[in-house]
$ cat entry.cif   # mmCIF, C-alpha atoms and all ligand atoms
data_data
loop_
_atom_site.label_atom_id
_atom_site.label_comp_id
_atom_site.auth_asym_id
_atom_site.auth_seq_id
_atom_site.Cartn_x
_atom_site.Cartn_y
_atom_site.Cartn_z
CA MET V 223 -110.35 -35.60 1.93
CA SER V 224 -107.00 -36.55 3.44
CA SER V 225 -103.97 -34.50 2.49
CA ASN V 226 -102.79 -37.53 0.50
CA ASP V 227 -105.96 -37.56 -1.61
CA LEU V 228 -105.53 -33.86 -2.19
CA ALA V 229 -101.90 -34.35 -3.19
CA GLU V 230 -103.02 -36.95 -5.72
CA LYS V 231 -105.48 -34.52 -7.26
CA ILE V 232 -102.79 -31.92 -7.80
CA VAL V 233 -101.09 -31.86 -11.18
CA ASP V 234 -97.79 -30.15 -10.56
CA LEU V 235 -96.31 -28.86 -13.82
CA ARG V 236 -94.23 -26.08 -12.21
CA SER V 237 -90.97 -27.96 -12.68
CA ASP V 238 -89.41 -31.42 -12.94
CA THR V 239 -87.71 -30.62 -9.60
CA VAL V 240 -90.98 -31.52 -7.81
CA THR V 241 -90.56 -35.27 -8.43
CA ARG V 242 -90.57 -37.38 -5.25
CA PRO V 243 -88.03 -40.16 -4.75
CA THR V 244 -89.29 -43.53 -6.03
CA PRO V 245 -89.63 -46.57 -3.73
CA ALA V 246 -86.38 -47.93 -5.25
CA MET V 247 -84.59 -44.68 -4.36
CA ARG V 248 -85.92 -44.75 -0.79
CA ARG V 249 -84.79 -48.37 -0.39
CA ALA V 250 -81.34 -47.53 -1.71
CA MET V 251 -81.13 -44.56 0.68
CA ALA V 252 -82.11 -46.68 3.69
CA GLU V 253 -79.51 -49.32 2.82
CA ALA V 254 -76.68 -47.02 1.67
CA GLU V 255 -73.19 -47.73 2.92
CA VAL V 256 -71.73 -44.44 4.12
CA GLY V 257 -68.53 -42.82 5.38
CA ASP V 258 -67.11 -39.33 5.74
CA ASP V 259 -67.00 -37.86 2.24
CA VAL V 260 -64.75 -34.96 3.28
CA TYR V 261 -62.16 -37.72 3.93
CA GLY V 262 -63.13 -39.29 0.59
CA GLU V 263 -64.46 -42.29 2.54
CA ASP V 264 -68.10 -42.49 1.52
CA PRO V 265 -68.25 -45.60 -0.70
CA THR V 266 -71.66 -44.69 -2.16
CA VAL V 267 -70.55 -41.18 -3.13
CA ASN V 268 -67.41 -42.66 -4.65
CA ARG V 269 -69.51 -45.12 -6.65
CA LEU V 270 -71.78 -42.32 -7.89
CA GLU V 271 -68.83 -40.13 -8.89
CA ASN V 272 -67.06 -43.00 -10.66
CA ARG V 273 -70.20 -44.02 -12.47
CA ALA V 274 -70.99 -40.45 -13.61
CA ALA V 275 -67.42 -40.07 -14.90
CA GLU V 276 -67.73 -43.41 -16.72
CA ILE V 277 -71.09 -42.57 -18.32
CA PHE V 278 -69.72 -39.23 -19.58
CA GLY V 279 -66.37 -40.74 -20.63
CA ARG V 280 -64.42 -38.41 -18.30
CA GLU V 281 -61.64 -38.80 -15.77
CA ALA V 282 -63.57 -37.62 -12.73
CA ALA V 283 -66.81 -36.32 -11.26
CA LEU V 284 -68.00 -34.45 -8.18
CA PHE V 285 -71.30 -34.74 -6.30
CA VAL V 286 -72.66 -31.27 -5.47
CA PRO V 287 -75.78 -30.26 -3.54
CA THR V 288 -77.27 -28.20 -6.39
CA GLY V 289 -76.88 -27.45 -10.05
CA SER V 290 -76.33 -23.81 -9.18
CA MET V 291 -73.33 -24.75 -7.06
CA GLY V 292 -72.02 -26.99 -9.85
CA ASN V 293 -72.19 -24.14 -12.37
CA LEU V 294 -70.59 -21.72 -9.91
CA LEU V 295 -67.71 -24.12 -9.18
CA ALA V 296 -67.09 -24.48 -12.92
CA ILE V 297 -67.13 -20.71 -13.43
CA LYS V 298 -64.78 -20.19 -10.47
CA THR V 299 -62.44 -22.89 -11.71
CA TRP V 300 -62.16 -21.60 -15.28
CA THR V 301 -61.99 -17.85 -14.61
CA ARG V 302 -60.42 -15.14 -12.45
CA PRO V 303 -62.34 -12.22 -10.91
CA GLY V 304 -62.75 -9.44 -13.48
CA MET V 305 -63.41 -11.75 -16.40
CA GLU V 306 -66.49 -12.14 -18.57
CA VAL V 307 -68.53 -15.28 -19.22
CA ILE V 308 -70.33 -15.48 -22.55
CA CYS V 309 -73.78 -17.08 -22.40
CA GLU V 310 -77.28 -16.83 -23.84
CA ARG V 311 -79.61 -14.01 -22.70
CA ARG V 312 -82.00 -16.32 -20.80
CA ALA V 313 -79.24 -18.59 -19.42
CA HIS V 314 -79.83 -20.01 -15.95
CA ILE V 315 -76.40 -18.77 -14.77
CA ALA V 316 -77.28 -15.20 -15.73
CA ASN V 317 -80.86 -15.14 -14.42
CA TYR V 318 -81.64 -17.67 -11.71
CA GLU V 319 -78.48 -18.03 -9.63
CA LEU V 320 -78.63 -14.79 -7.64
CA ALA V 321 -75.78 -13.27 -9.66
CA SER V 322 -73.38 -15.66 -7.87
CA ILE V 323 -71.35 -15.44 -11.08
CA SER V 324 -70.59 -11.85 -9.99
CA ALA V 325 -71.12 -11.92 -6.23
CA ILE V 326 -68.87 -14.96 -5.69
CA ALA V 327 -66.87 -15.69 -8.86
CA GLY V 328 -66.32 -11.97 -9.57
CA CYS V 329 -67.25 -12.29 -13.26
CA MET V 330 -69.68 -10.50 -15.55
CA PRO V 331 -72.10 -12.41 -17.75
CA TYR V 332 -71.91 -11.13 -21.32
CA THR V 333 -75.06 -12.35 -23.04
CA ALA V 334 -76.40 -12.67 -26.56
CA PRO V 335 -80.04 -13.41 -27.37
CA ALA V 336 -80.38 -16.51 -29.55
CA PRO V 337 -83.47 -17.90 -31.33
CA GLY V 338 -84.69 -20.85 -29.24
CA GLY V 339 -81.73 -20.29 -26.92
CA ILE V 340 -79.42 -21.98 -29.43
CA LEU V 341 -76.21 -19.96 -29.71
CA THR V 342 -73.98 -20.32 -32.74
CA TRP V 343 -70.34 -19.38 -33.23
CA GLU V 344 -71.52 -16.40 -35.31
CA LEU V 345 -73.40 -15.07 -32.25
CA ILE V 346 -70.57 -15.82 -29.81
CA GLU V 347 -67.53 -14.59 -31.71
CA PRO V 348 -68.39 -10.85 -31.63
CA LEU V 349 -68.63 -11.06 -27.81
CA ILE V 350 -65.05 -12.23 -27.37
CA ARG V 351 -63.01 -9.28 -26.11
CA PRO V 352 -59.90 -8.18 -27.93
CA ASN V 353 -56.75 -8.31 -25.85
CA VAL V 354 -56.66 -4.64 -24.86
CA TYR V 355 -55.71 -3.85 -21.28
CA TYR V 356 -58.84 -1.87 -20.38
CA TYR V 357 -61.27 -4.59 -21.53
CA ALA V 358 -62.50 -7.27 -19.19
CA GLN V 359 -61.13 -10.44 -20.74
CA THR V 360 -63.34 -13.33 -21.82
CA GLY V 361 -62.75 -16.19 -19.39
CA LEU V 362 -65.32 -18.78 -20.37
CA ILE V 363 -68.09 -19.66 -22.81
CA GLU V 364 -71.16 -21.36 -21.33
CA LEU V 365 -73.97 -23.17 -23.15
CA GLU V 366 -77.21 -24.59 -21.75
CA ASN V 367 -78.62 -27.85 -23.16
CA THR V 368 -81.56 -28.24 -23.01
CA SER V 369 -82.40 -24.56 -22.79
CA ASN V 370 -84.76 -24.20 -19.86
CA MET V 371 -86.40 -20.83 -20.53
CA HIS V 372 -86.65 -21.41 -24.28
CA GLY V 373 -88.85 -24.47 -23.77
CA GLY V 374 -86.39 -27.36 -23.50
CA THR V 375 -84.81 -26.81 -26.89
CA VAL V 376 -81.90 -29.05 -27.91
CA TYR V 377 -78.60 -28.06 -29.51
CA PRO V 378 -77.87 -29.89 -32.78
CA PRO V 379 -74.60 -31.77 -32.04
CA ASP V 380 -72.83 -30.23 -35.04
CA VAL V 381 -73.54 -26.75 -33.58
CA THR V 382 -72.06 -27.59 -30.15
CA ASP V 383 -69.14 -29.40 -31.76
CA GLU V 384 -68.34 -26.36 -33.87
CA ILE V 385 -68.65 -23.93 -30.93
CA CYS V 386 -66.35 -26.11 -28.79
CA GLU V 387 -63.79 -26.45 -31.55
CA ARG V 388 -63.70 -22.70 -32.25
CA ALA V 389 -63.66 -21.83 -28.53
CA HIS V 390 -60.62 -24.04 -28.05
CA ALA V 391 -58.94 -22.57 -31.12
CA ALA V 392 -59.49 -19.14 -29.50
CA GLY V 393 -57.91 -20.47 -26.28
CA LEU V 394 -61.19 -20.39 -24.32
CA PRO V 395 -62.63 -23.09 -22.07
CA ILE V 396 -66.28 -24.05 -22.50
CA HIS V 397 -68.69 -25.24 -19.80
CA LEU V 398 -72.00 -26.98 -20.38
CA ASP V 399 -74.97 -26.34 -18.11
CA GLY V 400 -76.46 -29.73 -18.85
CA ALA V 401 -79.07 -29.63 -16.07
CA ARG V 402 -81.28 -31.61 -18.50
CA ILE V 403 -78.61 -33.14 -20.75
CA PHE V 404 -80.26 -36.59 -20.49
CA ASN V 405 -83.42 -35.08 -21.99
CA ALA V 406 -81.32 -33.72 -24.85
CA ALA V 407 -79.66 -37.11 -25.36
CA VAL V 408 -83.03 -38.91 -25.45
CA ALA V 409 -84.44 -36.37 -27.93
CA LEU V 410 -81.39 -36.82 -30.18
CA GLY V 411 -81.13 -40.59 -29.73
CA ARG V 412 -77.45 -40.17 -28.77
CA ASP V 413 -75.37 -40.89 -25.66
CA VAL V 414 -74.64 -38.07 -23.23
CA SER V 415 -70.92 -38.86 -23.60
CA GLU V 416 -71.12 -38.27 -27.34
CA ILE V 417 -73.00 -34.96 -27.25
CA THR V 418 -70.85 -33.50 -24.43
CA ARG V 419 -67.41 -34.84 -25.31
CA HIS V 420 -65.84 -31.55 -26.48
CA PHE V 421 -66.88 -29.50 -23.44
CA ASP V 422 -64.22 -28.88 -20.80
CA SER V 423 -66.74 -29.40 -17.99
CA VAL V 424 -70.35 -30.50 -17.69
CA MET V 425 -72.89 -30.01 -14.92
CA PHE V 426 -76.01 -32.17 -14.88
CA CYS V 427 -78.86 -32.47 -12.37
CA LEU V 428 -79.95 -35.69 -10.69
CA SER V 429 -82.79 -33.76 -9.06
CA LYS V 430 -84.74 -32.73 -12.17
CA GLY V 431 -86.28 -35.23 -14.58
CA LEU V 432 -84.02 -38.00 -13.27
CA GLY V 433 -86.02 -37.77 -10.05
CA ALA V 434 -83.45 -37.83 -7.23
CA PRO V 435 -84.46 -35.77 -4.19
CA VAL V 436 -81.18 -33.81 -4.09
CA GLY V 437 -78.00 -33.39 -6.05
CA SER V 438 -76.16 -32.57 -9.22
CA MET V 439 -72.87 -33.71 -10.74
CA LEU V 440 -69.91 -31.95 -12.21
CA VAL V 441 -67.75 -33.96 -14.63
CA GLY V 442 -64.41 -33.21 -16.25
CA SER V 443 -60.69 -33.87 -15.98
CA GLN V 444 -58.98 -35.00 -12.78
CA GLU V 445 -57.35 -31.59 -12.44
CA PHE V 446 -60.62 -29.70 -12.99
CA ILE V 447 -62.46 -31.83 -10.41
CA ARG V 448 -59.61 -31.43 -7.89
CA LYS V 449 -59.99 -27.64 -8.07
CA ALA V 450 -63.80 -27.79 -8.05
CA ARG V 451 -63.68 -29.99 -4.92
CA MET V 452 -61.63 -27.32 -3.14
CA SER V 453 -64.09 -24.61 -4.19
CA ARG V 454 -67.00 -26.75 -3.02
CA LYS V 455 -65.38 -26.90 0.43
CA LEU V 456 -64.66 -23.16 0.29
CA LEU V 457 -68.38 -22.52 -0.24
CA GLY V 458 -69.33 -24.75 2.69
CA GLY V 459 -70.36 -27.66 0.48
CA GLY V 460 -68.15 -30.38 1.98
CA MET V 461 -70.69 -33.01 3.02
CA ARG V 462 -70.18 -35.95 5.40
CA GLN V 463 -72.23 -39.20 5.28
CA VAL V 464 -73.87 -38.01 2.10
CA GLY V 465 -74.03 -41.51 0.64
CA VAL V 466 -77.69 -41.55 1.71
CA LEU V 467 -78.29 -38.95 -1.01
CA ALA V 468 -75.81 -40.38 -3.50
CA ALA V 469 -77.65 -43.71 -3.26
CA ALA V 470 -80.81 -42.10 -4.63
CA GLY V 471 -78.69 -40.35 -7.24
CA LEU V 472 -77.28 -43.68 -8.43
CA VAL V 473 -80.77 -45.09 -8.92
CA ALA V 474 -81.77 -41.90 -10.78
CA LEU V 475 -78.69 -42.09 -13.00
CA GLU V 476 -79.10 -45.78 -13.88
CA GLU V 477 -82.87 -46.11 -14.09
CA THR V 478 -84.54 -42.88 -15.16
CA PRO V 479 -82.90 -41.93 -18.49
CA LYS V 480 -84.71 -44.81 -20.18
CA LEU V 481 -88.07 -43.41 -19.00
CA LEU V 482 -87.61 -39.81 -20.13
CA HIS V 483 -89.17 -40.42 -23.55
CA ARG V 484 -92.55 -40.66 -21.78
CA ASP V 485 -92.16 -37.14 -20.38
CA HIS V 486 -91.33 -35.96 -23.90
CA GLU V 487 -94.40 -37.68 -25.37
CA ASN V 488 -96.56 -36.07 -22.68
CA ALA V 489 -95.02 -32.65 -23.36
CA ARG V 490 -95.67 -32.97 -27.10
CA TYR V 491 -99.26 -34.06 -26.46
CA LEU V 492 -99.70 -31.14 -24.05
CA ALA V 493 -98.26 -28.67 -26.58
CA GLU V 494 -100.38 -29.95 -29.47
CA SER V 495 -103.53 -29.85 -27.35
CA LEU V 496 -102.79 -26.36 -26.01
CA ALA V 497 -102.36 -25.18 -29.60
CA GLN V 498 -106.06 -26.04 -30.19
CA ILE V 499 -107.28 -23.78 -27.37
CA PRO V 500 -108.41 -20.30 -28.49
CA GLY V 501 -106.14 -17.53 -27.20
CA ILE V 502 -103.10 -19.76 -26.72
CA SER V 503 -100.27 -19.56 -29.17
CA ILE V 504 -97.49 -22.10 -29.29
CA ASP V 505 -95.27 -23.78 -31.85
CA ALA V 506 -96.05 -27.35 -30.77
CA LYS V 507 -93.23 -28.78 -32.89
CA ALA V 508 -90.73 -26.85 -30.74
CA ALA V 509 -91.68 -28.97 -27.70
CA VAL V 510 -89.02 -31.64 -28.24
CA THR V 511 -88.22 -32.49 -24.61
CA ASN V 512 -90.16 -31.97 -21.35
CA ILE V 513 -90.72 -28.19 -21.23
CA VAL V 514 -93.67 -26.41 -22.82
CA ILE V 515 -93.74 -22.63 -23.02
CA PHE V 516 -96.70 -20.85 -24.58
CA SER V 517 -98.13 -17.38 -24.99
CA VAL V 518 -101.48 -16.36 -23.53
CA ALA V 519 -101.28 -12.75 -24.79
CA GLU V 520 -104.39 -13.14 -26.96
CA THR V 521 -106.54 -14.25 -24.02
CA GLY V 522 -106.47 -10.74 -22.55
CA LEU V 523 -105.33 -12.30 -19.26
CA SER V 524 -101.86 -12.20 -17.79
CA ALA V 525 -99.89 -15.39 -17.32
CA ALA V 526 -99.95 -14.83 -13.54
CA THR V 527 -103.77 -14.57 -13.50
CA ILE V 528 -104.16 -17.76 -15.52
CA CYS V 529 -101.71 -19.60 -13.25
CA GLU V 530 -103.65 -18.45 -10.17
CA GLU V 531 -106.96 -19.60 -11.66
CA LEU V 532 -105.50 -22.99 -12.61
CA ALA V 533 -104.04 -23.39 -9.12
CA ARG V 534 -107.59 -23.20 -7.73
CA GLN V 535 -108.32 -26.34 -9.78
CA GLY V 536 -105.18 -28.07 -8.50
CA ILE V 537 -103.20 -27.43 -11.68
CA LEU V 538 -99.84 -25.87 -10.83
CA CYS V 539 -97.66 -24.05 -13.34
CA GLY V 540 -95.72 -20.79 -13.43
CA PRO V 541 -95.47 -17.66 -15.53
CA ARG V 542 -92.18 -17.26 -17.42
CA ASP V 543 -92.95 -13.61 -18.05
CA LYS V 544 -96.03 -11.41 -18.30
CA PHE V 545 -97.80 -13.30 -21.09
CA THR V 546 -96.03 -16.67 -21.25
CA ILE V 547 -96.49 -19.75 -19.10
CA ARG V 548 -94.10 -22.66 -18.55
CA MET V 549 -95.25 -26.24 -17.95
CA VAL V 550 -92.78 -29.05 -17.28
CA THR V 551 -93.58 -32.76 -17.55
CA HIS V 552 -91.98 -35.43 -15.34
CA TYR V 553 -92.64 -38.93 -14.02
CA ASP V 554 -95.07 -37.79 -11.32
CA VAL V 555 -97.52 -36.50 -13.97
CA ASP V 556 -99.17 -39.08 -16.22
CA ARG V 557 -101.35 -38.66 -19.32
CA ALA V 558 -104.50 -38.43 -17.17
CA GLY V 559 -102.89 -35.54 -15.27
CA ILE V 560 -102.11 -33.77 -18.54
CA ASP V 561 -105.73 -34.23 -19.60
CA ARG V 562 -106.89 -32.69 -16.31
CA ALA V 563 -104.62 -29.70 -16.91
CA LEU V 564 -105.99 -29.29 -20.43
CA ALA V 565 -109.60 -29.54 -19.25
CA ALA V 566 -109.00 -26.84 -16.62
CA MET V 567 -107.36 -24.59 -19.19
CA ARG V 568 -110.25 -25.04 -21.65
CA ALA V 569 -112.82 -24.36 -18.93
CA LEU V 570 -111.01 -21.19 -17.93
CA LEU V 571 -110.49 -19.75 -21.39
CA VAL V 572 -113.92 -20.62 -22.76
CA LYS V 573 -115.62 -19.11 -19.70
CA THR V 574 -113.64 -15.88 -19.78
CA PRO V 575 -114.45 -13.55 -22.70
CA ALA V 576 -111.24 -12.55 -24.49
C1 LIG B 1 -82.38 -26.26 -12.42
C2 LIG B 1 -81.31 -25.72 -13.25
C3 LIG B 1 -80.02 -25.47 -12.73
C4 LIG B 1 -79.61 -25.68 -11.29
O1 LIG B 1 -80.60 -25.81 -10.41
P1 LIG B 1 -80.53 -26.05 -8.84
O2 LIG B 1 -81.92 -25.74 -8.47
O3 LIG B 1 -79.53 -25.13 -8.28
O4 LIG B 1 -80.19 -27.48 -8.62
C5 LIG B 1 -79.07 -24.99 -13.58
N1 LIG B 1 -79.34 -24.79 -14.88
C6 LIG B 1 -80.54 -25.04 -15.42
C7 LIG B 1 -80.74 -24.84 -16.87
C8 LIG B 1 -81.57 -25.50 -14.62
O5 LIG B 1 -82.76 -25.72 -15.17
#
$ encode --input "entry.cif" --output "structure tokens"
Amino acid sequence: MSSNDLAEKIVDLRSDTVTRPTPAMRRAMAEAEVGDDVYGEDPTVNRLENRAAEIFGREAALFVPTGSMGNLLAIKTWTRPGMEVICERRAHIANYELASISAIAGCMPYTAPAPGGILTWELIEPLIRPNVYYYAQTGLIELENTSNMHGGTVYPPDVTDEICERAHAAGLPIHLDGARIFNAAVALGRDVSEITRHFDSVMFCLSKGLGAPVGSMLVGSQEFIRKARMSRKLLGGGMRQVGVLAAAGLVALEETPKLLHRDHENARYLAESLAQIPGISIDAKAAVTNIVIFSVAETGLSAATICEELARQGILCGPRDKFTIRMVTHYDVDRAGIDRALAAMRALLVKTPA
């Protein structure tokens, strides 16, 4: 078996970051017009930034190498060292970004657990610090939509609208980690511009379900993006002929959102089928986008053990914690791949006495 045949047999549900660039992306990369982006002279980067700003109805946008850097630039721009950032307990910024919020921006995350990862103003308000000199002051509120570690859940627009309105009334800026905001928009049947319009800044990833090999975007006001661009350079993120990457990002931005509904249908099918397997517990109706998280506690096996066993069959997924597993659908996994994953899971759990 060639390594290509083997690669085709693998069903990789670890993340939507594993997508490979499409032929259209590779063509666009090969043909991209480029210049030195630190001089603002890369026409393809400029096109990507203008188009992202236009799609989100904002003044400006910035191409960044990663979503983590985009979030960090937003946090640095909105806060001063010594401030707190309010976010949900499982938020990406508080768990999966190496504490850059503290190590680099000098801030503390102040978290609240929320059912399904969906914060409300009632959960946020008690975390806002009174203006007493010995308290760290609240510098920023951050929401994540969709919520990665809660299984791709989506904020109802009236909830985000209310949080933004109250945050502003309290004099606080609000940043959206919209790594998968296009998945949220598809699930809601709304435009990204509409569901993000009250946030002061938005980060979204080109490199997740949209399928670009590299890159995320930060969008906001001209003034916000000017500051974020300086911080990007400060962190060593000033890139040169990066139009070769922006070209793939443009294809991802224009072409992939209309395909995301398929990933959502596959995720729902996966969730509903998993729910039928003895030992697995999952609320299949909660799988509204492309992330499926389920408990294997009743199997008597740990999530890590199950993931290792599945990997032997070419089915890749990851434990979220000791007894829960996360599977993420994307355009490189089709319905047949999902069926292979389900068959491997059934074989494993039927064979192993609980
Ligand atoms: C993936 C992700 C990011 C950023 O990821 P990078 O790997 O740094 O590009 C940020 N927030 C959420 C919710 C994510 O899922």
$ residues_near_ligand --input "entry.cif" --ligand "ligand LIG 1 (chain B)" --cutoff "6 Å" --atoms "only C-alpha atoms and all ligand atoms" --output "list of chain:residue names"
V:Thr288, V:Gly289, V:Ser290, V:His314, V:Asn370, V:Asp399, V:Ala401
$ atom_distance --input "entry.cif" --atom1 "CA of Arg302 (chain V)" --atom2 "CA of Ile323 (chain V)"
11.0 Å
$ residues_around --input "entry.cif" --residues "region 253-265 of chain V" --least-positions-apart "5" --cutoff "8 Å" --atoms "all atoms listed in the file" --output "PyMOL selection string"
chain V and resi 460-466+469
$ closest_residue --input "entry.cif" --among "V:Lys430, V:Arg269, V:Arg562, V:Arg236" --to "Cys539 (chain V)" --atoms "all atoms listed in the file"
V:Arg236
$ atom_distance --input "entry.cif" --atom1 "CA of Thr299 (chain V)" --atom2 "CA of Cys386 (chain V)"
17.8 Å
$ residues_around --input "entry.cif" --residues "Val233 (chain V)" --least-positions-apart "5" --cutoff "12 Å" --atoms "only C-alpha atoms" --output "JSON, numbers by chain"
{"V": [228, 238, 240, 241, 532, 533, 534, 535, 536, 537, 538, 539, 549, 550, 551, 552, 553, 554, 555, 556, 557, 558, 559, 560, 561, 562, 563, 564, 565, 566]}
$ residues_around --input "entry.cif" --residues "Pro243 (chain V)" --least-positions-apart "5" --cutoff "10 Å" --atoms "all atoms listed in the file" --output "list in words"
Arg248, Arg249, Met251, Ser429, Leu432, Gly433, Ala434, Pro435, Val436, Ala470, Gly471, Val473, Ala474 and Asp554 of chain V
$ atom_distance --input "entry.cif" --atom1 "CA of Val510 (chain V)" --atom2 "CA of Arg412 (chain V)"
14.4 Å
$ residues_near_point --input "entry.cif" --point "(-72.5, -33.3, -13.8)" --cutoff "10 Å" --atoms "all atoms listed in the file" --output "PDB file with C-alpha atoms, in the coordinates of the input"
ATOM      1  CA  GLU V 271     -68.830 -40.130  -8.890  1.00  0.00           C
ATOM      2  CA  ALA V 274     -70.990 -40.450 -13.610  1.00  0.00           C
ATOM      3  CA  ALA V 275     -67.420 -40.070 -14.900  1.00  0.00           C
ATOM      4  CA  PHE V 278     -69.720 -39.230 -19.580  1.00  0.00           C
ATOM      5  CA  ALA V 282     -63.570 -37.620 -12.730  1.00  0.00           C
ATOM      6  CA  ALA V 283     -66.810 -36.320 -11.260  1.00  0.00           C
ATOM      7  CA  LEU V 284     -68.000 -34.450  -8.180  1.00  0.00           C
ATOM      8  CA  PHE V 285     -71.300 -34.740  -6.300  1.00  0.00           C
ATOM      9  CA  VAL V 286     -72.660 -31.270  -5.470  1.00  0.00           C
ATOM     10  CA  GLY V 289     -76.880 -27.450 -10.050  1.00  0.00           C
ATOM     11  CA  GLY V 292     -72.020 -26.990  -9.850  1.00  0.00           C
ATOM     12  CA  ASN V 293     -72.190 -24.140 -12.370  1.00  0.00           C
ATOM     13  CA  LEU V 398     -72.000 -26.980 -20.380  1.00  0.00           C
ATOM     14  CA  ASP V 399     -74.970 -26.340 -18.110  1.00  0.00           C
ATOM     15  CA  GLY V 400     -76.460 -29.730 -18.850  1.00  0.00           C
ATOM     16  CA  ALA V 401     -79.070 -29.630 -16.070  1.00  0.00           C
ATOM     17  CA  ILE V 403     -78.610 -33.140 -20.750  1.00  0.00           C
ATOM     18  CA  SER V 423     -66.740 -29.400 -17.990  1.00  0.00           C
ATOM     19  CA  VAL V 424     -70.350 -30.500 -17.690  1.00  0.00           C
ATOM     20  CA  MET V 425     -72.890 -30.010 -14.920  1.00  0.00           C
ATOM     21  CA  PHE V 426     -76.010 -32.170 -14.880  1.00  0.00           C
ATOM     22  CA  CYS V 427     -78.860 -32.470 -12.370  1.00  0.00           C
ATOM     23  CA  LEU V 428     -79.950 -35.690 -10.690  1.00  0.00           C
ATOM     24  CA  GLY V 437     -78.000 -33.390  -6.050  1.00  0.00           C
ATOM     25  CA  SER V 438     -76.160 -32.570  -9.220  1.00  0.00           C
ATOM     26  CA  MET V 439     -72.870 -33.710 -10.740  1.00  0.00           C
ATOM     27  CA  LEU V 440     -69.910 -31.950 -12.210  1.00  0.00           C
ATOM     28  CA  VAL V 441     -67.750 -33.960 -14.630  1.00  0.00           C
ATOM     29  CA  GLY V 442     -64.410 -33.210 -16.250  1.00  0.00           C
TER      30      GLY V 442
END
$ residues_near_point --input "entry.cif" --point "(-63.6, -2.0, -14.6)" --cutoff "10 Å" --atoms "only C-alpha atoms" --output "MDAnalysis selection string"
chainID V and resid 304:305 356:358
$ closest_residue --input "entry.cif" --among "V:Gly522, V:Met371, V:Ile513, V:Ala296" --to "Arg542 (chain V)" --atoms "all atoms listed in the file"
V:Met371
$ residues_around --input "entry.cif" --residues "Leu492 (chain V)" --least-positions-apart "3" --cutoff "8 Å" --atoms "all atoms listed in the file" --output "list in words"
Asn488, Ala489, Ser495, Leu496, Val514, Ile560 and Leu564 of chain V
$ build_atoms --input "entry.cif" --residues "region 455-465 of chain V" --atoms "N, CA, C and O atoms" --output "mmCIF file, in the coordinates of the input"
data_model
loop_
_atom_site.group_PDB
_atom_site.id
_atom_site.type_symbol
_atom_site.label_atom_id
_atom_site.label_comp_id
_atom_site.auth_asym_id
_atom_site.auth_seq_id
_atom_site.Cartn_x
_atom_site.Cartn_y
_atom_site.Cartn_z
ATOM 1 N N LYS V 455 -65.655 -27.011 -1.004
ATOM 2 C CA LYS V 455 -65.380 -26.900 0.430
ATOM 3 C C LYS V 455 -65.349 -25.433 0.865
ATOM 4 O O LYS V 455 -65.886 -25.062 1.919
ATOM 5 N N LEU V 456 -64.733 -24.605 0.013
ATOM 6 C CA LEU V 456 -64.660 -23.160 0.290
ATOM 7 C C LEU V 456 -66.058 -22.565 0.491
ATOM 8 O O LEU V 456 -66.264 -21.689 1.329
ATOM 9 N N LEU V 457 -67.018 -23.051 -0.315
ATOM 10 C CA LEU V 457 -68.380 -22.520 -0.240
ATOM 11 C C LEU V 457 -69.215 -23.225 0.840
ATOM 12 O O LEU V 457 -70.413 -22.989 0.956
ATOM 13 N N GLY V 458 -68.587 -24.072 1.624
ATOM 14 C CA GLY V 458 -69.330 -24.750 2.690
ATOM 15 C C GLY V 458 -70.082 -25.971 2.199
ATOM 16 O O GLY V 458 -71.030 -26.422 2.840
ATOM 17 N N GLY V 459 -69.646 -26.519 1.060
ATOM 18 C CA GLY V 459 -70.360 -27.660 0.480
ATOM 19 C C GLY V 459 -69.687 -28.998 0.689
ATOM 20 O O GLY V 459 -70.002 -29.960 -0.013
ATOM 21 N N GLY V 460 -68.756 -29.071 1.655
ATOM 22 C CA GLY V 460 -68.150 -30.380 1.980
ATOM 23 C C GLY V 460 -69.158 -31.142 2.831
ATOM 24 O O GLY V 460 -69.530 -30.692 3.910
ATOM 25 N N MET V 461 -69.599 -32.289 2.332
ATOM 26 C CA MET V 461 -70.690 -33.010 3.020
ATOM 27 C C MET V 461 -70.124 -34.290 3.622
ATOM 28 O O MET V 461 -69.146 -34.831 3.144
ATOM 29 N N ARG V 462 -70.724 -34.798 4.652
ATOM 30 C CA ARG V 462 -70.180 -35.950 5.400
ATOM 31 C C ARG V 462 -70.786 -37.278 4.922
ATOM 32 O O ARG V 462 -70.475 -37.722 3.853
ATOM 33 N N GLN V 463 -71.713 -37.874 5.685
ATOM 34 C CA GLN V 463 -72.230 -39.200 5.280
ATOM 35 C C GLN V 463 -73.316 -39.001 4.220
ATOM 36 O O GLN V 463 -74.472 -39.387 4.372
ATOM 37 N N VAL V 464 -72.901 -38.436 3.106
ATOM 38 C CA VAL V 464 -73.870 -38.010 2.100
ATOM 39 C C VAL V 464 -74.214 -39.146 1.124
ATOM 40 O O VAL V 464 -74.970 -38.967 0.187
ATOM 41 N N GLY V 465 -73.667 -40.324 1.424
ATOM 42 C CA GLY V 465 -74.030 -41.510 0.640
ATOM 43 C C GLY V 465 -75.526 -41.790 0.651
ATOM 44 O O GLY V 465 -76.051 -42.381 -0.299
#
